[in-house]
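These notes are about the structure you will find just below.
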Amino acid sequence: MSRQSSIPRLILRLLPGAAALVLIALVAAWIWLRQSLPILEGDLETGVLQVPATIRRDTRGVALIESESRDSSAFALGFLHAQERFFQMDLLRRNSAGELSALVGNAALKHDRRVRVHQFRQRAERNVAALPRAQRQLLSRYVEGVNYGLEQLGAKPWEYALLGTEPQPWTAADSMLTIFSMYLTLQSPNGKYEFRDTALADLLPEDLYHFFFPAGGSWDAPLIGKARGPVTLPQTNIASLLEADQSLAYQPMASEDHIVGSNNWVVGGALTEHGAAIVADDMHLGLNVPNIWYRAAWKIPGTERYLRGATLPGGPIAVVGSNGKVAWGFTNTGGDWSDLIPLELNEDGSQYRTPDGWRAFESAEETIAVKGAAPETLAVRKTIWGPVVAEDHNGRPLAYRWVAHDVEGGNLNLLRMETVETAREALDLGPTLGIPHQNLVVGDSRGHIGWTVGGAIPRRVGFDGSRSVSWADGDNYWDGYLSVDEQPRVYDPPSHRIWTANARTMDGEFLRIMGNQGYALGARQQQIRDDLFRRDQFSEQDLLDIQLDDRAVFLQRWQQHLLALLAGRDSYRDIRAQVENWGARANADSVGYRIVRNYRLKFMEYATAPLLTYMRGFDKDFSLGSVNRQIEYAIWEMASREPENLRNPEFESWQSLKLSALDEVLAKMAEGGLPLAEQTWGEQNTAEIRHPLGRALSAVNWFTAMPAEPLSGDTHMPRVQSPDSGASERMVVAPGREENAIFHMATGQSAHPLSPFFGNGHEDWVKGNPSPMAEGETRYEIQLR
């Protein structure tokens, strides 16, 4: 018998043993994972609670906490957060404290260096000490609940076993750090918009600056004021920015509306059958396993009402929701809540000028622990205005004045939303909220509605914050924060409608107060406004339909433009057919939508390359980034009017630039080898919703990643969706009618892959099926005593 013929027999003899080993490994992994499962039922003696609390969960894992003590319900919520989400909480506190390197090593060191200059851990401890006594007590009970919940797990959360580390107990300062972590998500820790915009205004010819970076345009849809007028074509030749025969830099463009933001709106009681307002809210954030939010409800002591909504694991607060009398939602404002201050230095750079004369820099040392390596010491330079975070395009150090640095920037005053009974009371809380600044949209059970800024607004004196200016003479400064009477506000407008979507909401004095740190293009906000004015009466389902609106209104003129470009070009016949039959929406099955959308972005890349090249002559890392959000007005003028003085000189004509942009888009789409009819938007826009560890350890994705489903929706439309970001939740609720409310949440309640709540509800989020906000019939119950 030949050696070759014996190999198959040997393999056959080995296969059963190999299969047994694989089975043993899978069983061992299953047993190991089960040890860290949350407790679902039982009677637990905490040794802490004076008033007991009952936790009931339905089949989706939505928690209802019953207690006559708010402190006890805070303990119960902490218990739930720790049992289901402790690793997520740990990442949040480490993110803002600059302590991720201690958990994951050098991979997070760059991030930690950038964040440590803000010394958020010290600020968190200061802010906790400044809380009112009742809030400190409630927070203390929450912290005790977190640590009790962690202790009651049969084993440490599975993520720590993979990393070979131990979870550290929770503290009150850690809860404050979760608020600061949201600042890092929703605002810039180094003023990048002001940094780039100041450089552009200083370095570009004035006509080019105003053309490429206007304050707004026809897509605006503010609550107060009107849309801006058209941009003016500049006279400057864009080629004059370049050296002779200079090679151009090209930066692939993501959608300028692909931003951390949200949609929300409210309709008043005059537009509903039952007379109560209806609030809709969907917060657009990065999508991970687990979801950033945790759904919970608790009894409001002294009433028969319940607070229902989305909590952020790490704190005892409902971020958005309804208390039975008032419902509220948030979207990021895009306003200006920080300032970069160029410093005037003495000859040796050891001192900076202040209104009181020259002053030496303060210095602090931050020690960054790094897993698997020696600790690193970081020197932090501080001024009377804030830490030094960067140098401007002239090499001057920049100090950072930021609301997040002040006591007013982080507190638990959102707790007060639980007991307000009217929309007006809710709006009055706006300036007291220590959160990253949000469009606070509210509606009450009597039908009243309103909008204001949730967050402390600085009172600027001597300047408007639009540019980085020196504060050395004492003419420019912050004079505390605005009072409730000074805060921008809209209450019961005649239209009975309020809408926001990260774009400009105000005009005039209110806009001056809010400033601009990169408002989104108004197209998404305008589409929501127009949807609201198409009807005179609304139900909860009607508002969910608006949340799921994926019509490509913004791209319609680009589709027509592309059809005109391809007219008579036989080699593009199949492409033109797809574009013509694109469906006019961001449907996962549409090939034409993908072509139109990507062509526009590639055209933007080619058309702005001379501008980018010029700016990189001053800063090699310059990126248009957040400053390009209004650039649609410029690139549309360039595409439709083809001004010769603005043509990228690397192309012989505008036609060649456009066709080159299209050809590159088509080549990229064909890279997967699929025929044209299968190169759909869903093929590109496929879900990649993973556990954070799955990005470094691919095996984690085998048991934690959500299905890689094609997704409808995109930016520049209400149904915002990309592979790993989008609507982290969708809520539609009329206060007092929570039984009819709708709530979607990606990935489900639990971070544990063996939990019955893992991924539960995700399909409704993907497909847009209405699912209830209120908790269902009790399936599991825990008594905490």
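Ordering of the structure tokens sets the chain letters (A, B, ...), residue numbers begin anew at 1 in every chain, and ligands are numbered from 1 in the order given.
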
Would you give me, as JSON, numbers by chain, the residues in segment 157-368 of chain A that DSSP reads as alpha helix (DSSP H)?
{"A": [158, 159, 160, 161, 162, 163, 172, 173, 174, 175, 176, 177, 178, 179, 180, 181, 182, 183, 184, 185, 186, 192, 193, 194, 195, 196, 197, 198, 199, 200, 201, 202, 203, 206, 207, 208, 209, 210, 211, 212]}

Next, dump the selected residues to file, keeping only N, CA and C atoms, as a compact mmCIF listing (two decimals), in the first residue's frame.
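Below is the file out24.txt, written as the result:
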```txt
# COMPACT_ATOMS: atom_id res chain seq x y z
N TRP A 158 -16.61 38.55 31.59
CA TRP A 158 -15.76 37.74 30.72
C TRP A 158 -14.66 38.54 30.04
N GLU A 159 -14.89 39.83 29.81
CA GLU A 159 -13.87 40.64 29.13
C GLU A 159 -12.58 40.71 29.94
N TYR A 160 -12.70 40.75 31.26
CA TYR A 160 -11.51 40.85 32.11
C TYR A 160 -10.72 39.53 32.08
N ALA A 161 -11.43 38.42 31.97
CA ALA A 161 -10.73 37.14 31.86
C ALA A 161 -9.90 37.10 30.58
N LEU A 162 -10.46 37.62 29.48
CA LEU A 162 -9.71 37.65 28.22
C LEU A 162 -8.49 38.55 28.32
N LEU A 163 -8.63 39.68 29.02
CA LEU A 163 -7.54 40.64 29.13
C LEU A 163 -6.56 40.28 30.25
N ALA A 172 -17.80 57.28 43.21
CA ALA A 172 -18.68 58.39 42.81
C ALA A 172 -18.04 59.22 41.70
N ALA A 173 -16.72 59.43 41.78
CA ALA A 173 -16.03 60.20 40.74
C ALA A 173 -16.12 59.49 39.39
N ASP A 174 -16.16 58.16 39.41
CA ASP A 174 -16.28 57.42 38.15
C ASP A 174 -17.60 57.74 37.45
N SER A 175 -18.66 57.93 38.22
CA SER A 175 -19.94 58.29 37.61
C SER A 175 -19.85 59.65 36.93
N MET A 176 -19.15 60.59 37.56
CA MET A 176 -18.96 61.89 36.94
C MET A 176 -18.10 61.75 35.68
N LEU A 177 -17.16 60.83 35.70
CA LEU A 177 -16.31 60.61 34.53
C LEU A 177 -17.10 60.11 33.32
N THR A 178 -18.22 59.42 33.56
CA THR A 178 -19.04 58.99 32.42
C THR A 178 -19.65 60.20 31.71
N ILE A 179 -19.97 61.26 32.47
CA ILE A 179 -20.46 62.49 31.84
C ILE A 179 -19.35 63.13 31.02
N PHE A 180 -18.14 63.18 31.58
CA PHE A 180 -17.01 63.74 30.84
C PHE A 180 -16.69 62.91 29.60
N SER A 181 -16.95 61.60 29.67
CA SER A 181 -16.72 60.76 28.51
C SER A 181 -17.67 61.15 27.38
N MET A 182 -18.89 61.54 27.72
CA MET A 182 -19.82 62.01 26.70
C MET A 182 -19.37 63.35 26.12
N TYR A 183 -18.73 64.20 26.94
CA TYR A 183 -18.14 65.43 26.39
C TYR A 183 -17.13 65.09 25.30
N LEU A 184 -16.28 64.08 25.56
CA LEU A 184 -15.27 63.71 24.58
C LEU A 184 -15.90 63.17 23.30
N THR A 185 -17.07 62.56 23.42
CA THR A 185 -17.77 62.04 22.25
C THR A 185 -18.46 63.16 21.47
N LEU A 186 -19.05 64.12 22.18
CA LEU A 186 -19.93 65.10 21.55
C LEU A 186 -19.28 66.45 21.28
N LYS A 192 -11.00 71.57 17.74
CA LYS A 192 -10.52 71.36 16.37
C LYS A 192 -11.25 72.22 15.34
N TYR A 193 -12.55 72.48 15.54
CA TYR A 193 -13.26 73.30 14.56
C TYR A 193 -12.70 74.72 14.56
N GLU A 194 -12.60 75.32 15.74
CA GLU A 194 -12.07 76.68 15.83
C GLU A 194 -10.63 76.73 15.34
N PHE A 195 -9.84 75.70 15.65
CA PHE A 195 -8.45 75.62 15.22
C PHE A 195 -8.35 75.68 13.70
N ARG A 196 -9.13 74.84 13.02
CA ARG A 196 -9.06 74.77 11.56
C ARG A 196 -9.68 76.00 10.91
N ASP A 197 -10.81 76.45 11.46
CA ASP A 197 -11.50 77.58 10.85
C ASP A 197 -10.68 78.86 10.99
N THR A 198 -10.04 79.05 12.13
CA THR A 198 -9.18 80.22 12.31
C THR A 198 -8.03 80.21 11.31
N ALA A 199 -7.42 79.03 11.13
CA ALA A 199 -6.31 78.91 10.17
C ALA A 199 -6.79 79.20 8.75
N LEU A 200 -7.93 78.66 8.38
CA LEU A 200 -8.46 78.89 7.03
C LEU A 200 -8.76 80.37 6.80
N ALA A 201 -9.38 81.02 7.78
CA ALA A 201 -9.72 82.44 7.64
C ALA A 201 -8.47 83.31 7.54
N ASP A 202 -7.41 82.93 8.26
CA ASP A 202 -6.17 83.71 8.24
C ASP A 202 -5.37 83.50 6.96
N LEU A 203 -5.40 82.30 6.41
CA LEU A 203 -4.46 81.93 5.36
C LEU A 203 -5.04 81.98 3.95
N GLU A 206 -9.71 85.98 0.98
CA GLU A 206 -11.01 86.16 1.62
C GLU A 206 -12.15 85.62 0.77
N ASP A 207 -12.09 85.83 -0.54
CA ASP A 207 -13.21 85.38 -1.36
C ASP A 207 -13.29 83.85 -1.41
N LEU A 208 -12.13 83.18 -1.41
CA LEU A 208 -12.15 81.72 -1.39
C LEU A 208 -12.67 81.20 -0.05
N TYR A 209 -12.27 81.84 1.03
CA TYR A 209 -12.73 81.41 2.35
C TYR A 209 -14.26 81.48 2.43
N HIS A 210 -14.84 82.59 2.06
CA HIS A 210 -16.29 82.75 2.18
C HIS A 210 -17.05 81.86 1.21
N PHE A 211 -16.42 81.51 0.10
CA PHE A 211 -17.05 80.62 -0.86
C PHE A 211 -17.09 79.18 -0.33
N PHE A 212 -15.96 78.70 0.13
CA PHE A 212 -15.88 77.30 0.56
C PHE A 212 -16.48 77.07 1.96
```

Give me the residues within 12 Å of Gly217 of chain A as a ChimeraX atom specification, counting only C-alpha atoms and dropping any in the same chain fewer than 2 places off.
/A:210-215,219-222,226-232,503-504,519-523,526,629-634,636

Give me, as CSV, the closest atom pair and its distance (Å, one decimal) for every residue of segment 34-123 of chain A within a cut-off of 12 Å of segment 754-771 of chain A, counting only C-alpha atoms, rows sorted by chain and rising number.
```
residue,atom,partner,partner_atom,distance
A:Arg34,CA,A:Leu754,CA,6.9
A:Gln35,CA,A:Leu754,CA,10.3
A:Ser36,CA,A:Leu754,CA,9.5
A:Leu37,CA,A:Ser755,CA,6.7
A:Pro38,CA,A:Ser755,CA,7.8
A:Ile39,CA,A:Ser755,CA,10.1
A:Leu40,CA,A:Ser755,CA,9.7
A:Arg57,CA,A:Phe757,CA,10.0
A:Asp58,CA,A:Phe757,CA,9.4
A:Thr59,CA,A:Phe757,CA,7.2
A:Arg60,CA,A:Phe757,CA,5.5
A:Gly61,CA,A:Phe757,CA,5.4
A:Val62,CA,A:Phe757,CA,8.8
A:Ala63,CA,A:Phe757,CA,11.1
A:Gln83,CA,A:Ser755,CA,11.0
A:Glu84,CA,A:Ser755,CA,9.0
A:Arg85,CA,A:Phe758,CA,11.6
```

Pick out the closest residue to Asn645 of chain A from this set: A:Leu139, A:Val128, A:Ala239, A:Leu433. Count only C-alpha atoms.
A:Ala239

Surrounding residues of Gly450 of chain A excluding itself and chain neighbours under 2 positions, 10 Å, only C-alpha atoms, as a PyMOL selection string:
chain A and resi 265-268+328+423-424+426-427+440-444+448+452+489-493+496-498

Could you work out how far atom CA of Gly335 of chain A lies from atom CA of Ala310 of chain A, giving the answer in Å with one decimal?
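Answer for the atom CA of Ala310 of chain A to atom CA of Gly335 of chain A separation: 24.2 Å.
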
Could you write out, as a PyMOL selection string, all the residues of segment 335-412 of chain A that DSSP marks as strand (DSSP E)?
chain A and resi 338-342+351-354+357-360+362-368+376-382+388-391+397-402

To one decimal in Å, tell me the separation between atom CA of Thr505 of chain A and atom CA of Gly334 of chain A.
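Atom-to-atom, atom CA of Thr505 of chain A to atom CA of Gly334 of chain A, that is 9.5 Å.
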
Please identify all polymer residues within 9 Å of segment 293-295 of chain A, counting only C-alpha atoms, omitting same-chain residues fewer than 4 positions from it, and present them as a list in words.
Gly61, Val62, Ala63, His81, Arg85, Arg308, Gly309, Ala310, Thr311, Leu312, Pro313, Ala318, Val319, Ser728, Glu729, Met745, Gly748, Gln749, Ser750 and Met773 of chain A

Those selected residues, please, written with N, CA, C and O atoms and delivered as a CSV table (one decimal), in the first residue's frame.
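Here's the written file result_35.csv:
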```
chain,number,residue,atom,x,y,z
A,61,GLY,N,-35.7,42.0,28.7
A,61,GLY,CA,-34.7,42.5,29.7
A,61,GLY,C,-34.9,43.9,30.2
A,61,GLY,O,-34.1,44.5,30.9
A,62,VAL,N,-36.1,44.5,29.7
A,62,VAL,CA,-36.4,45.9,30.2
A,62,VAL,C,-36.7,45.9,31.6
A,62,VAL,O,-37.6,45.1,32.1
A,63,ALA,N,-36.0,46.7,32.4
A,63,ALA,CA,-36.1,46.6,33.9
A,63,ALA,C,-37.1,47.6,34.4
A,63,ALA,O,-37.1,48.8,34.1
A,81,HIS,N,-26.8,47.8,36.3
A,81,HIS,CA,-25.7,48.2,35.4
A,81,HIS,C,-24.4,47.4,35.5
A,81,HIS,O,-23.8,47.0,34.6
A,85,ARG,N,-23.4,45.4,32.5
A,85,ARG,CA,-22.6,46.3,31.6
A,85,ARG,C,-21.3,46.8,32.3
A,85,ARG,O,-20.8,47.9,31.9
A,308,ARG,N,-39.6,56.3,32.7
A,308,ARG,CA,-39.2,55.3,31.7
A,308,ARG,C,-38.2,55.9,30.7
A,308,ARG,O,-38.5,57.0,30.2
A,309,GLY,N,-37.1,55.3,30.4
A,309,GLY,CA,-36.3,55.8,29.4
A,309,GLY,C,-35.0,55.1,29.2
A,309,GLY,O,-34.9,53.9,29.5
A,310,ALA,N,-34.0,55.8,28.7
A,310,ALA,CA,-32.6,55.2,28.4
A,310,ALA,C,-31.7,55.8,29.4
A,310,ALA,O,-31.5,57.0,29.6
A,311,THR,N,-31.0,54.9,30.1
A,311,THR,CA,-29.9,55.3,31.1
A,311,THR,C,-28.6,55.1,30.5
A,311,THR,O,-28.4,54.2,29.6
A,312,LEU,N,-27.6,55.8,31.0
A,312,LEU,CA,-26.2,55.6,30.6
A,312,LEU,C,-25.5,54.8,31.7
A,312,LEU,O,-25.4,55.3,32.8
A,313,PRO,N,-25.1,53.5,31.5
A,313,PRO,CA,-24.5,52.8,32.5
A,313,PRO,C,-23.3,53.5,33.1
A,313,PRO,O,-22.4,54.0,32.3
A,318,ALA,N,-31.8,58.9,34.1
A,318,ALA,CA,-32.4,58.7,32.7
A,318,ALA,C,-32.0,59.8,31.8
A,318,ALA,O,-32.3,61.0,32.1
A,319,VAL,N,-31.3,59.5,30.7
A,319,VAL,CA,-30.8,60.5,29.8
A,319,VAL,C,-32.0,61.1,29.0
A,319,VAL,O,-32.1,62.3,28.9
A,728,SER,N,-28.7,55.1,17.9
A,728,SER,CA,-28.5,54.2,19.0
A,728,SER,C,-29.8,53.8,19.7
A,728,SER,O,-29.9,52.8,20.3
A,729,GLU,N,-30.8,54.7,19.6
A,729,GLU,CA,-32.1,54.4,20.0
A,729,GLU,C,-33.1,55.2,19.2
A,729,GLU,O,-32.7,56.2,18.5
A,745,MET,N,-33.9,49.9,20.1
A,745,MET,CA,-32.5,49.9,20.6
A,745,MET,C,-31.7,48.8,20.0
A,745,MET,O,-32.0,47.6,20.1
A,748,GLY,N,-29.6,45.1,22.0
A,748,GLY,CA,-30.3,44.5,23.2
A,748,GLY,C,-29.7,45.0,24.5
A,748,GLY,O,-28.7,45.8,24.5
A,749,GLN,N,-30.2,44.5,25.6
A,749,GLN,CA,-29.9,45.0,26.9
A,749,GLN,C,-28.6,44.5,27.5
A,749,GLN,O,-27.9,45.3,28.2
A,750,SER,N,-28.3,43.3,27.2
A,750,SER,CA,-27.1,42.7,27.9
A,750,SER,C,-25.9,42.6,27.1
A,750,SER,O,-25.9,42.5,25.8
A,773,MET,N,-42.2,50.8,24.2
A,773,MET,CA,-41.3,51.4,25.2
A,773,MET,C,-41.6,50.8,26.6
A,773,MET,O,-40.6,50.6,27.3
```

Selected residue, from A:Asp282, A:Glu273, A:Asp714, A:Glu650, that lies nearest to Asp550 of chain A when counting only C-alpha atoms
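The answer is A:Asp714, which sits nearest to Asp550 of chain A.
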
Ranking A:Arg641, A:Gln721, A:Lys602, A:Arg136 by minimum distance to Asp663 of chain A and counting only C-alpha atoms, which one comes first?
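Between A:Arg641, A:Gln721, A:Lys602, A:Arg136, the residue approaching Asp663 of chain A most closely is A:Lys602.
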
Go through A:Leu555, A:Ala746, A:Leu429, A:Ile384 and flag the residue nearest Pro707 of chain A, using only C-alpha atoms for the distances.
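Closest to Pro707 of chain A, using only C-alpha atoms: A:Ala746.
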
Shell of 8 Å around Arg446 of chain A, only C-alpha atoms, local chain residues under 6 positions omitted, as a list in words:
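The filter keeps Gly269, Gly275, Ala276, Ala277 and Thr422 of chain A.
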
Could those selected residues go to a file with N, CA and C atoms, as an mmCIF file, in the first residue's frame?
```
data_model
loop_
_atom_site.group_PDB
_atom_site.id
_atom_site.type_symbol
_atom_site.label_atom_id
_atom_site.label_comp_id
_atom_site.auth_asym_id
_atom_site.auth_seq_id
_atom_site.Cartn_x
_atom_site.Cartn_y
_atom_site.Cartn_z
ATOM 1 N N GLY A 269 -50.092 69.402 21.420
ATOM 2 C CA GLY A 269 -51.365 68.724 21.598
ATOM 3 C C GLY A 269 -52.412 69.105 20.576
ATOM 4 N N GLY A 275 -54.496 65.066 22.625
ATOM 5 C CA GLY A 275 -54.205 66.354 23.237
ATOM 6 C C GLY A 275 -52.890 66.449 23.965
ATOM 7 N N ALA A 276 -52.158 65.355 24.099
ATOM 8 C CA ALA A 276 -50.818 65.397 24.681
ATOM 9 C C ALA A 276 -49.794 65.616 23.571
ATOM 10 N N ALA A 277 -48.680 66.217 23.926
ATOM 11 C CA ALA A 277 -47.580 66.336 22.972
ATOM 12 C C ALA A 277 -46.989 64.965 22.696
ATOM 13 N N THR A 422 -44.460 70.095 33.896
ATOM 14 C CA THR A 422 -44.840 70.858 32.703
ATOM 15 C C THR A 422 -43.624 71.074 31.820
#
```

Pick the closest to Ala74 of chain A from A:Pro290, A:Gly726, A:Gly625, A:Gly314: which is it, counting only C-alpha atoms?
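Among the listed residues, the smallest separation from Ala74 of chain A belongs to A:Gly314.
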
Within 10 Å of Ala97 of chain A, counting only C-alpha atoms, which residues show up once you throw out same-chain ones fewer than 5 positions away? Write them as a PyMOL selection string, please.
chain A and resi 91-92+112+115-124+174+177-178+180-181
